[in-house]
$ cat final-v7.cif   # mmCIF, N, CA and C atoms
data_input
loop_
_atom_site.label_atom_id
_atom_site.label_comp_id
_atom_site.auth_asym_id
_atom_site.auth_seq_id
_atom_site.Cartn_x
_atom_site.Cartn_y
_atom_site.Cartn_z
N MET A 11 163.22 52.04 42.50
CA MET A 11 163.05 51.24 41.30
C MET A 11 163.60 49.85 41.58
N LYS A 12 162.82 48.85 41.28
CA LYS A 12 163.26 47.47 41.41
C LYS A 12 163.56 46.92 40.03
N ILE A 13 164.67 46.20 39.97
CA ILE A 13 165.09 45.58 38.72
C ILE A 13 164.89 44.08 38.86
N GLU A 14 164.35 43.47 37.85
CA GLU A 14 164.15 42.02 37.88
C GLU A 14 165.50 41.32 37.95
N LYS A 15 165.53 40.21 38.64
CA LYS A 15 166.77 39.47 38.86
C LYS A 15 167.41 39.04 37.54
N ASN A 16 166.61 38.57 36.61
CA ASN A 16 167.18 38.10 35.34
C ASN A 16 167.79 39.25 34.53
N LYS A 17 167.25 40.45 34.67
CA LYS A 17 167.81 41.62 33.97
C LYS A 17 169.15 42.01 34.59
N LEU A 18 169.22 41.96 35.93
CA LEU A 18 170.47 42.27 36.61
C LEU A 18 171.53 41.24 36.27
N THR A 19 171.15 39.98 36.22
CA THR A 19 172.08 38.91 35.86
C THR A 19 172.59 39.11 34.44
N GLU A 20 171.70 39.48 33.54
CA GLU A 20 172.09 39.73 32.15
C GLU A 20 173.06 40.90 32.07
N LEU A 21 172.80 41.96 32.82
CA LEU A 21 173.67 43.13 32.85
C LEU A 21 175.07 42.75 33.36
N LEU A 22 175.11 42.00 34.45
CA LEU A 22 176.40 41.57 35.00
C LEU A 22 177.16 40.66 34.03
N ALA A 23 176.44 39.78 33.35
CA ALA A 23 177.09 38.90 32.38
C ALA A 23 177.70 39.70 31.23
N LEU A 24 176.96 40.69 30.74
CA LEU A 24 177.49 41.53 29.66
C LEU A 24 178.67 42.36 30.13
N TRP A 25 178.59 42.88 31.35
CA TRP A 25 179.70 43.66 31.89
C TRP A 25 180.96 42.80 31.98
N ILE A 26 180.82 41.60 32.52
CA ILE A 26 181.98 40.72 32.67
C ILE A 26 182.56 40.38 31.30
N ARG A 27 181.69 40.17 30.34
CA ARG A 27 182.16 39.77 29.01
C ARG A 27 182.85 40.91 28.26
N TRP A 28 182.38 42.15 28.41
CA TRP A 28 182.85 43.23 27.54
C TRP A 28 183.72 44.28 28.22
N ASP A 29 183.97 44.19 29.51
CA ASP A 29 184.78 45.20 30.19
C ASP A 29 186.26 44.94 29.93
N ALA A 30 186.86 45.77 29.08
CA ALA A 30 188.26 45.59 28.70
C ALA A 30 189.19 45.79 29.90
N GLU A 31 188.86 46.72 30.78
CA GLU A 31 189.69 46.96 31.96
C GLU A 31 189.69 45.74 32.87
N LEU A 32 188.54 45.12 33.02
CA LEU A 32 188.43 43.92 33.84
C LEU A 32 189.28 42.80 33.26
N TRP A 33 189.19 42.60 31.95
CA TRP A 33 189.97 41.56 31.29
C TRP A 33 191.46 41.87 31.34
N GLY A 34 191.80 43.17 31.37
CA GLY A 34 193.22 43.55 31.48
C GLY A 34 193.77 43.32 32.87
N GLU A 35 192.94 43.42 33.88
CA GLU A 35 193.37 43.27 35.27
C GLU A 35 193.34 41.81 35.73
N LEU A 36 192.31 41.08 35.32
CA LEU A 36 192.15 39.70 35.78
C LEU A 36 192.63 38.71 34.73
N ARG A 37 193.05 37.55 35.19
CA ARG A 37 193.39 36.47 34.27
C ARG A 37 192.09 35.84 33.77
N GLN A 38 192.20 35.09 32.70
CA GLN A 38 191.02 34.49 32.09
C GLN A 38 190.31 33.56 33.08
N ILE A 39 191.06 32.80 33.87
CA ILE A 39 190.44 31.89 34.84
C ILE A 39 189.73 32.68 35.93
N GLN A 40 190.26 33.84 36.31
CA GLN A 40 189.61 34.66 37.33
C GLN A 40 188.30 35.23 36.81
N VAL A 41 188.27 35.63 35.56
CA VAL A 41 187.04 36.11 34.94
C VAL A 41 186.01 34.98 34.90
N LYS A 42 186.48 33.80 34.57
CA LYS A 42 185.59 32.64 34.52
C LYS A 42 185.01 32.33 35.89
N LEU A 43 185.83 32.41 36.94
CA LEU A 43 185.35 32.17 38.30
C LEU A 43 184.31 33.23 38.71
N LEU A 44 184.58 34.48 38.36
CA LEU A 44 183.63 35.56 38.66
C LEU A 44 182.30 35.31 37.96
N HIS A 45 182.35 34.90 36.71
CA HIS A 45 181.13 34.62 35.94
C HIS A 45 180.37 33.43 36.52
N GLN A 46 181.10 32.36 36.86
CA GLN A 46 180.44 31.18 37.41
C GLN A 46 179.75 31.49 38.73
N ARG A 47 180.39 32.27 39.57
CA ARG A 47 179.83 32.54 40.90
C ARG A 47 178.70 33.56 40.86
N ILE A 48 178.90 34.66 40.19
CA ILE A 48 177.94 35.77 40.21
C ILE A 48 176.80 35.57 39.21
N VAL A 49 177.11 35.16 38.00
CA VAL A 49 176.09 35.05 36.96
C VAL A 49 175.40 33.69 37.00
N LYS A 50 176.20 32.61 37.01
CA LYS A 50 175.61 31.28 37.00
C LYS A 50 175.19 30.81 38.39
N GLU A 51 175.61 31.54 39.42
CA GLU A 51 175.27 31.25 40.81
C GLU A 51 175.70 29.84 41.23
N MET A 52 176.87 29.43 40.79
CA MET A 52 177.41 28.14 41.19
C MET A 52 177.89 28.22 42.63
N THR A 53 177.76 27.13 43.36
CA THR A 53 178.27 27.09 44.72
C THR A 53 179.78 26.93 44.67
N PHE A 54 180.43 27.26 45.79
CA PHE A 54 181.88 27.07 45.84
C PHE A 54 182.23 25.59 45.72
N MET A 55 181.37 24.72 46.23
CA MET A 55 181.61 23.29 46.12
C MET A 55 181.59 22.85 44.65
N GLU A 56 180.59 23.32 43.90
CA GLU A 56 180.50 22.99 42.47
C GLU A 56 181.71 23.53 41.71
N MET A 57 182.09 24.75 42.03
CA MET A 57 183.23 25.36 41.36
C MET A 57 184.53 24.61 41.69
N ALA A 58 184.69 24.22 42.95
CA ALA A 58 185.89 23.49 43.37
C ALA A 58 185.98 22.14 42.66
N GLU A 59 184.85 21.45 42.53
CA GLU A 59 184.84 20.17 41.83
C GLU A 59 185.11 20.37 40.34
N PHE A 60 184.53 21.42 39.76
CA PHE A 60 184.71 21.70 38.33
C PHE A 60 186.17 21.99 38.00
N HIS A 61 186.84 22.76 38.86
CA HIS A 61 188.23 23.17 38.62
C HIS A 61 189.25 22.27 39.33
N ASP A 62 188.74 21.29 40.08
CA ASP A 62 189.59 20.34 40.79
C ASP A 62 190.59 21.03 41.73
N VAL A 63 190.03 21.90 42.60
CA VAL A 63 190.84 22.60 43.60
C VAL A 63 190.17 22.47 44.96
N ASN A 64 190.91 22.86 45.98
CA ASN A 64 190.40 22.89 47.34
C ASN A 64 189.40 24.03 47.48
N ILE A 65 188.32 23.81 48.22
CA ILE A 65 187.28 24.83 48.36
C ILE A 65 187.79 26.07 49.10
N MET A 66 188.67 25.88 50.10
CA MET A 66 189.20 27.03 50.83
C MET A 66 190.11 27.87 49.94
N GLN A 67 190.88 27.22 49.10
CA GLN A 67 191.73 27.93 48.16
C GLN A 67 190.87 28.73 47.17
N LEU A 68 189.79 28.14 46.73
CA LEU A 68 188.88 28.81 45.81
C LEU A 68 188.24 30.03 46.46
N ARG A 69 187.86 29.93 47.72
CA ARG A 69 187.29 31.06 48.44
C ARG A 69 188.29 32.21 48.53
N LYS A 70 189.56 31.90 48.80
CA LYS A 70 190.60 32.93 48.88
C LYS A 70 190.81 33.59 47.52
N ILE A 71 190.82 32.79 46.47
CA ILE A 71 190.98 33.34 45.12
C ILE A 71 189.82 34.25 44.78
N PHE A 72 188.59 33.82 45.12
CA PHE A 72 187.42 34.64 44.80
C PHE A 72 187.44 35.95 45.60
N SER A 73 187.89 35.88 46.84
CA SER A 73 188.01 37.09 47.65
C SER A 73 189.01 38.06 47.02
N ALA A 74 190.11 37.54 46.50
CA ALA A 74 191.10 38.38 45.83
C ALA A 74 190.53 38.99 44.55
N ILE A 75 189.70 38.22 43.84
CA ILE A 75 189.05 38.74 42.63
C ILE A 75 188.16 39.91 42.98
N LEU A 76 187.37 39.77 44.03
CA LEU A 76 186.48 40.86 44.45
C LEU A 76 187.28 42.09 44.86
N LEU A 77 188.41 41.89 45.51
CA LEU A 77 189.27 43.00 45.91
C LEU A 77 189.83 43.72 44.69
N LYS A 78 190.24 42.95 43.67
CA LYS A 78 190.74 43.56 42.44
C LYS A 78 189.65 44.37 41.73
N VAL A 79 188.44 43.82 41.69
CA VAL A 79 187.32 44.53 41.06
C VAL A 79 187.03 45.82 41.81
N GLU A 80 187.07 45.74 43.13
CA GLU A 80 186.82 46.92 43.96
C GLU A 80 187.88 47.99 43.72
N ASN A 81 189.13 47.60 43.61
CA ASN A 81 190.21 48.55 43.35
C ASN A 81 190.12 49.14 41.94
N LEU A 82 189.65 48.35 41.00
CA LEU A 82 189.56 48.78 39.61
C LEU A 82 188.35 49.66 39.35
N HIS A 83 187.19 49.28 39.88
CA HIS A 83 185.94 49.96 39.54
C HIS A 83 185.28 50.71 40.71
N GLY A 84 185.84 50.64 41.87
CA GLY A 84 185.29 51.39 43.00
C GLY A 84 184.58 50.51 44.01
N LYS A 85 184.36 51.11 45.16
CA LYS A 85 183.79 50.37 46.28
C LYS A 85 182.33 50.00 46.06
N GLN A 86 181.59 50.79 45.30
CA GLN A 86 180.17 50.50 45.10
C GLN A 86 179.97 49.19 44.34
N LEU A 87 180.72 48.99 43.28
CA LEU A 87 180.60 47.75 42.52
C LEU A 87 181.12 46.57 43.34
N GLY A 88 182.23 46.78 44.03
CA GLY A 88 182.75 45.74 44.90
C GLY A 88 181.77 45.35 45.98
N SER A 89 181.10 46.36 46.54
CA SER A 89 180.09 46.10 47.57
C SER A 89 178.91 45.32 47.01
N LEU A 90 178.48 45.66 45.79
CA LEU A 90 177.38 44.95 45.15
C LEU A 90 177.74 43.48 44.93
N LEU A 91 178.93 43.22 44.43
CA LEU A 91 179.36 41.85 44.19
C LEU A 91 179.51 41.07 45.49
N ARG A 92 180.00 41.73 46.53
CA ARG A 92 180.10 41.08 47.85
C ARG A 92 178.71 40.76 48.40
N HIS A 93 177.77 41.66 48.17
CA HIS A 93 176.39 41.43 48.63
C HIS A 93 175.79 40.22 47.90
N ILE A 94 175.99 40.14 46.60
CA ILE A 94 175.48 39.01 45.83
C ILE A 94 176.12 37.72 46.34
N ASN A 95 177.42 37.75 46.58
CA ASN A 95 178.12 36.58 47.10
C ASN A 95 177.58 36.18 48.47
N SER A 96 177.31 37.16 49.32
CA SER A 96 176.76 36.88 50.65
C SER A 96 175.38 36.25 50.56
N GLU A 97 174.56 36.74 49.65
CA GLU A 97 173.23 36.16 49.45
C GLU A 97 173.34 34.71 48.97
N LEU A 98 174.27 34.46 48.07
CA LEU A 98 174.47 33.09 47.59
C LEU A 98 174.97 32.19 48.72
N GLU A 99 175.84 32.73 49.58
CA GLU A 99 176.32 31.97 50.74
C GLU A 99 175.17 31.63 51.67
N ALA A 100 174.27 32.57 51.88
CA ALA A 100 173.12 32.34 52.77
C ALA A 100 172.23 31.23 52.21
N ILE A 101 172.07 31.21 50.91
CA ILE A 101 171.28 30.15 50.28
C ILE A 101 171.98 28.81 50.41
N GLU A 102 173.31 28.80 50.19
CA GLU A 102 174.08 27.55 50.28
C GLU A 102 174.04 26.96 51.68
N THR A 103 174.10 27.80 52.69
CA THR A 103 174.14 27.31 54.06
C THR A 103 172.76 27.03 54.62
N GLY A 104 171.71 27.37 53.89
CA GLY A 104 170.36 27.08 54.33
C GLY A 104 169.74 28.17 55.18
N ILE A 105 170.44 29.28 55.35
CA ILE A 105 169.89 30.38 56.13
C ILE A 105 168.77 31.05 55.36
N LYS A 106 168.92 31.09 54.05
CA LYS A 106 167.93 31.74 53.21
C LYS A 106 167.58 30.81 52.06
N SER A 107 166.33 30.82 51.66
CA SER A 107 165.87 29.98 50.56
C SER A 107 165.80 30.81 49.29
N LYS A 108 165.90 30.17 48.15
CA LYS A 108 165.73 30.87 46.88
C LYS A 108 164.31 31.40 46.73
N HIS A 109 163.39 30.83 47.48
CA HIS A 109 161.99 31.24 47.37
C HIS A 109 161.64 32.35 48.35
N GLY A 110 162.63 32.86 49.09
CA GLY A 110 162.39 33.97 49.98
C GLY A 110 162.09 33.60 51.41
N HIS A 111 161.99 32.32 51.72
CA HIS A 111 161.75 31.90 53.10
C HIS A 111 163.08 31.83 53.82
N GLU A 112 163.14 32.43 54.99
CA GLU A 112 164.39 32.43 55.74
C GLU A 112 164.34 31.39 56.84
N PHE A 113 165.43 30.65 56.95
CA PHE A 113 165.58 29.64 57.99
C PHE A 113 166.80 30.01 58.82
N GLY A 114 166.89 29.41 59.97
CA GLY A 114 168.07 29.64 60.79
C GLY A 114 167.98 30.84 61.70
N LYS A 115 166.87 31.54 61.70
CA LYS A 115 166.70 32.67 62.60
C LYS A 115 166.24 32.16 63.96
N VAL A 116 166.82 32.71 64.99
CA VAL A 116 166.46 32.33 66.34
C VAL A 116 165.93 33.57 67.04
N PHE A 117 164.74 33.45 67.59
CA PHE A 117 164.15 34.56 68.31
C PHE A 117 164.10 34.18 69.79
N LEU A 118 164.75 34.97 70.62
CA LEU A 118 164.76 34.72 72.05
C LEU A 118 163.73 35.64 72.72
N ASN A 119 162.84 35.06 73.48
CA ASN A 119 161.81 35.86 74.17
C ASN A 119 162.19 36.04 75.61
#

$ encode --input "final-v7.cif" --output "structure tokens"
Amino acid sequence: MKIEKNKLTELLALWIRWDAELWGELRQIQVKLLHQRIVKEMTFMEMAEFHDVNIMQLRKIFSAILLKVENLHGKQLGSLLRHINSELEAIETGIKSKHGHEFGKVFLN
């Protein structure tokens, strides 16, 4: 079964907004960072500029957020969020396009 991207995004947004355990474990700013990265698909550069922090510091904080989510809700959800983050990273670095065209692959014959 394939789920449309906008439906998955909507589901994740609702989960982040209404999960009491998540709000109990994470600080409000951490929840906001999770929402900006996963739901709004903001780049780390955009997030760093928005929050006026160093991009490397933001990456470490986001990694810690994913670890907390994984510990709270299990490895499957943590793995899904890491996969989404990896896909966004691939788009940011130009390896993958939002339109499905992949760049940066090298084929050696």

$ resolve_selection --input "final-v7.cif" --expression "the PyMOL selection byres (((chain A and resi 97-100 and name CA) around 9) and name CA)" --output "number ranges by chain"
A: 47-48, 51-54, 92-96, 101-107

$ residues_near_point --input "final-v7.cif" --point "(190.2, 35.4, 40.3)" --cutoff "8 Å" --atoms "only C-alpha atoms" --output "ChimeraX atom specification"
/A:36-37,39-44,71-76

$ atom_distance --input "final-v7.cif" --atom1 "CA of Lys78 (chain A)" --atom2 "CA of Val49 (chain A)"
17.8 Å

$ atom_distance --input "final-v7.cif" --atom1 "CA of Gly84 (chain A)" --atom2 "CA of Ile65 (chain A)"
27.2 Å

$ atom_distance --input "final-v7.cif" --atom1 "atom N of Arg27 (chain A)" --atom2 "CA of Lys12 (chain A)"
22.7 Å

$ select_by_dssp --input "final-v7.cif" --residues "region 20-55 of chain A" --states "helix (DSSP H, G or I)" --output "MDAnalysis selection string"
chainID A and resid 20:28 30:35 38:49 54:55

$ resolve_selection --input "final-v7.cif" --expression "the PyMOL selection byres (((chain A and resi 22 and name CA) around 12) and name CA)" --output "number ranges by chain"
A: 15-21, 23-29, 41, 44-51, 87, 90-91, 94

$ write_last_selection --input "final-v7.cif" --atoms "N, CA and C atoms" --output "PDB file, keeping the file's coordinate frame"
ATOM      1  N   LYS A  15     165.530  40.210  38.640  1.00  0.00           N
ATOM      2  CA  LYS A  15     166.770  39.470  38.860  1.00  0.00           C
ATOM      3  C   LYS A  15     167.410  39.040  37.540  1.00  0.00           C
ATOM      4  N   ASN A  16     166.610  38.570  36.610  1.00  0.00           N
ATOM      5  CA  ASN A  16     167.180  38.100  35.340  1.00  0.00           C
ATOM      6  C   ASN A  16     167.790  39.250  34.530  1.00  0.00           C
ATOM      7  N   LYS A  17     167.250  40.450  34.670  1.00  0.00           N
ATOM      8  CA  LYS A  17     167.810  41.620  33.970  1.00  0.00           C
ATOM      9  C   LYS A  17     169.150  42.010  34.590  1.00  0.00           C
ATOM     10  N   LEU A  18     169.220  41.960  35.930  1.00  0.00           N
ATOM     11  CA  LEU A  18     170.470  42.270  36.610  1.00  0.00           C
ATOM     12  C   LEU A  18     171.530  41.240  36.270  1.00  0.00           C
ATOM     13  N   THR A  19     171.150  39.980  36.220  1.00  0.00           N
ATOM     14  CA  THR A  19     172.080  38.910  35.860  1.00  0.00           C
ATOM     15  C   THR A  19     172.590  39.110  34.440  1.00  0.00           C
ATOM     16  N   GLU A  20     171.700  39.480  33.540  1.00  0.00           N
ATOM     17  CA  GLU A  20     172.090  39.730  32.150  1.00  0.00           C
ATOM     18  C   GLU A  20     173.060  40.900  32.070  1.00  0.00           C
ATOM     19  N   LEU A  21     172.800  41.960  32.820  1.00  0.00           N
ATOM     20  CA  LEU A  21     173.670  43.130  32.850  1.00  0.00           C
ATOM     21  C   LEU A  21     175.070  42.750  33.360  1.00  0.00           C
ATOM     22  N   ALA A  23     176.440  39.780  33.350  1.00  0.00           N
ATOM     23  CA  ALA A  23     177.090  38.900  32.380  1.00  0.00           C
ATOM     24  C   ALA A  23     177.700  39.700  31.230  1.00  0.00           C
ATOM     25  N   LEU A  24     176.960  40.690  30.740  1.00  0.00           N
ATOM     26  CA  LEU A  24     177.490  41.530  29.660  1.00  0.00           C
ATOM     27  C   LEU A  24     178.670  42.360  30.130  1.00  0.00           C
ATOM     28  N   TRP A  25     178.590  42.880  31.350  1.00  0.00           N
ATOM     29  CA  TRP A  25     179.700  43.660  31.890  1.00  0.00           C
ATOM     30  C   TRP A  25     180.960  42.800  31.980  1.00  0.00           C
ATOM     31  N   ILE A  26     180.820  41.600  32.520  1.00  0.00           N
ATOM     32  CA  ILE A  26     181.980  40.720  32.670  1.00  0.00           C
ATOM     33  C   ILE A  26     182.560  40.380  31.300  1.00  0.00           C
ATOM     34  N   ARG A  27     181.690  40.170  30.340  1.00  0.00           N
ATOM     35  CA  ARG A  27     182.160  39.770  29.010  1.00  0.00           C
ATOM     36  C   ARG A  27     182.850  40.910  28.260  1.00  0.00           C
ATOM     37  N   TRP A  28     182.380  42.150  28.410  1.00  0.00           N
ATOM     38  CA  TRP A  28     182.850  43.230  27.540  1.00  0.00           C
ATOM     39  C   TRP A  28     183.720  44.280  28.220  1.00  0.00           C
ATOM     40  N   ASP A  29     183.970  44.190  29.510  1.00  0.00           N
ATOM     41  CA  ASP A  29     184.780  45.200  30.190  1.00  0.00           C
ATOM     42  C   ASP A  29     186.260  44.940  29.930  1.00  0.00           C
ATOM     43  N   VAL A  41     188.270  35.630  35.560  1.00  0.00           N
ATOM     44  CA  VAL A  41     187.040  36.110  34.940  1.00  0.00           C
ATOM     45  C   VAL A  41     186.010  34.980  34.900  1.00  0.00           C
ATOM     46  N   LEU A  44     184.580  34.480  38.360  1.00  0.00           N
ATOM     47  CA  LEU A  44     183.630  35.560  38.660  1.00  0.00           C
ATOM     48  C   LEU A  44     182.300  35.310  37.960  1.00  0.00           C
ATOM     49  N   HIS A  45     182.350  34.900  36.710  1.00  0.00           N
ATOM     50  CA  HIS A  45     181.130  34.620  35.940  1.00  0.00           C
ATOM     51  C   HIS A  45     180.370  33.430  36.520  1.00  0.00           C
ATOM     52  N   GLN A  46     181.100  32.360  36.860  1.00  0.00           N
ATOM     53  CA  GLN A  46     180.440  31.180  37.410  1.00  0.00           C
ATOM     54  C   GLN A  46     179.750  31.490  38.730  1.00  0.00           C
ATOM     55  N   ARG A  47     180.390  32.270  39.570  1.00  0.00           N
ATOM     56  CA  ARG A  47     179.830  32.540  40.900  1.00  0.00           C
ATOM     57  C   ARG A  47     178.700  33.560  40.860  1.00  0.00           C
ATOM     58  N   ILE A  48     178.900  34.660  40.190  1.00  0.00           N
ATOM     59  CA  ILE A  48     177.940  35.770  40.210  1.00  0.00           C
ATOM     60  C   ILE A  48     176.800  35.570  39.210  1.00  0.00           C
ATOM     61  N   VAL A  49     177.110  35.160  38.000  1.00  0.00           N
ATOM     62  CA  VAL A  49     176.090  35.050  36.960  1.00  0.00           C
ATOM     63  C   VAL A  49     175.400  33.690  37.000  1.00  0.00           C
ATOM     64  N   LYS A  50     176.200  32.610  37.010  1.00  0.00           N
ATOM     65  CA  LYS A  50     175.610  31.280  37.000  1.00  0.00           C
ATOM     66  C   LYS A  50     175.190  30.810  38.390  1.00  0.00           C
ATOM     67  N   GLU A  51     175.610  31.540  39.420  1.00  0.00           N
ATOM     68  CA  GLU A  51     175.270  31.250  40.810  1.00  0.00           C
ATOM     69  C   GLU A  51     175.700  29.840  41.230  1.00  0.00           C
ATOM     70  N   LEU A  87     180.720  48.990  43.280  1.00  0.00           N
ATOM     71  CA  LEU A  87     180.600  47.750  42.520  1.00  0.00           C
ATOM     72  C   LEU A  87     181.120  46.570  43.340  1.00  0.00           C
ATOM     73  N   LEU A  90     178.480  45.660  45.790  1.00  0.00           N
ATOM     74  CA  LEU A  90     177.380  44.950  45.150  1.00  0.00           C
ATOM     75  C   LEU A  90     177.740  43.480  44.930  1.00  0.00           C
ATOM     76  N   LEU A  91     178.930  43.220  44.430  1.00  0.00           N
ATOM     77  CA  LEU A  91     179.360  41.850  44.190  1.00  0.00           C
ATOM     78  C   LEU A  91     179.510  41.070  45.490  1.00  0.00           C
ATOM     79  N   ILE A  94     175.990  40.140  46.600  1.00  0.00           N
ATOM     80  CA  ILE A  94     175.480  39.010  45.830  1.00  0.00           C
ATOM     81  C   ILE A  94     176.120  37.720  46.340  1.00  0.00           C
TER      82      ILE A  94
END

$ axis_aligned_box --input "final-v7.cif" --around "region 40-57 of chain A" --padding-each-side "6 Å" --output "JSON"
{"center_x": 182.7, "center_y": 29.5, "center_z": 40.4, "size_x": 27.1, "size_y": 25.3, "size_z": 23.7}
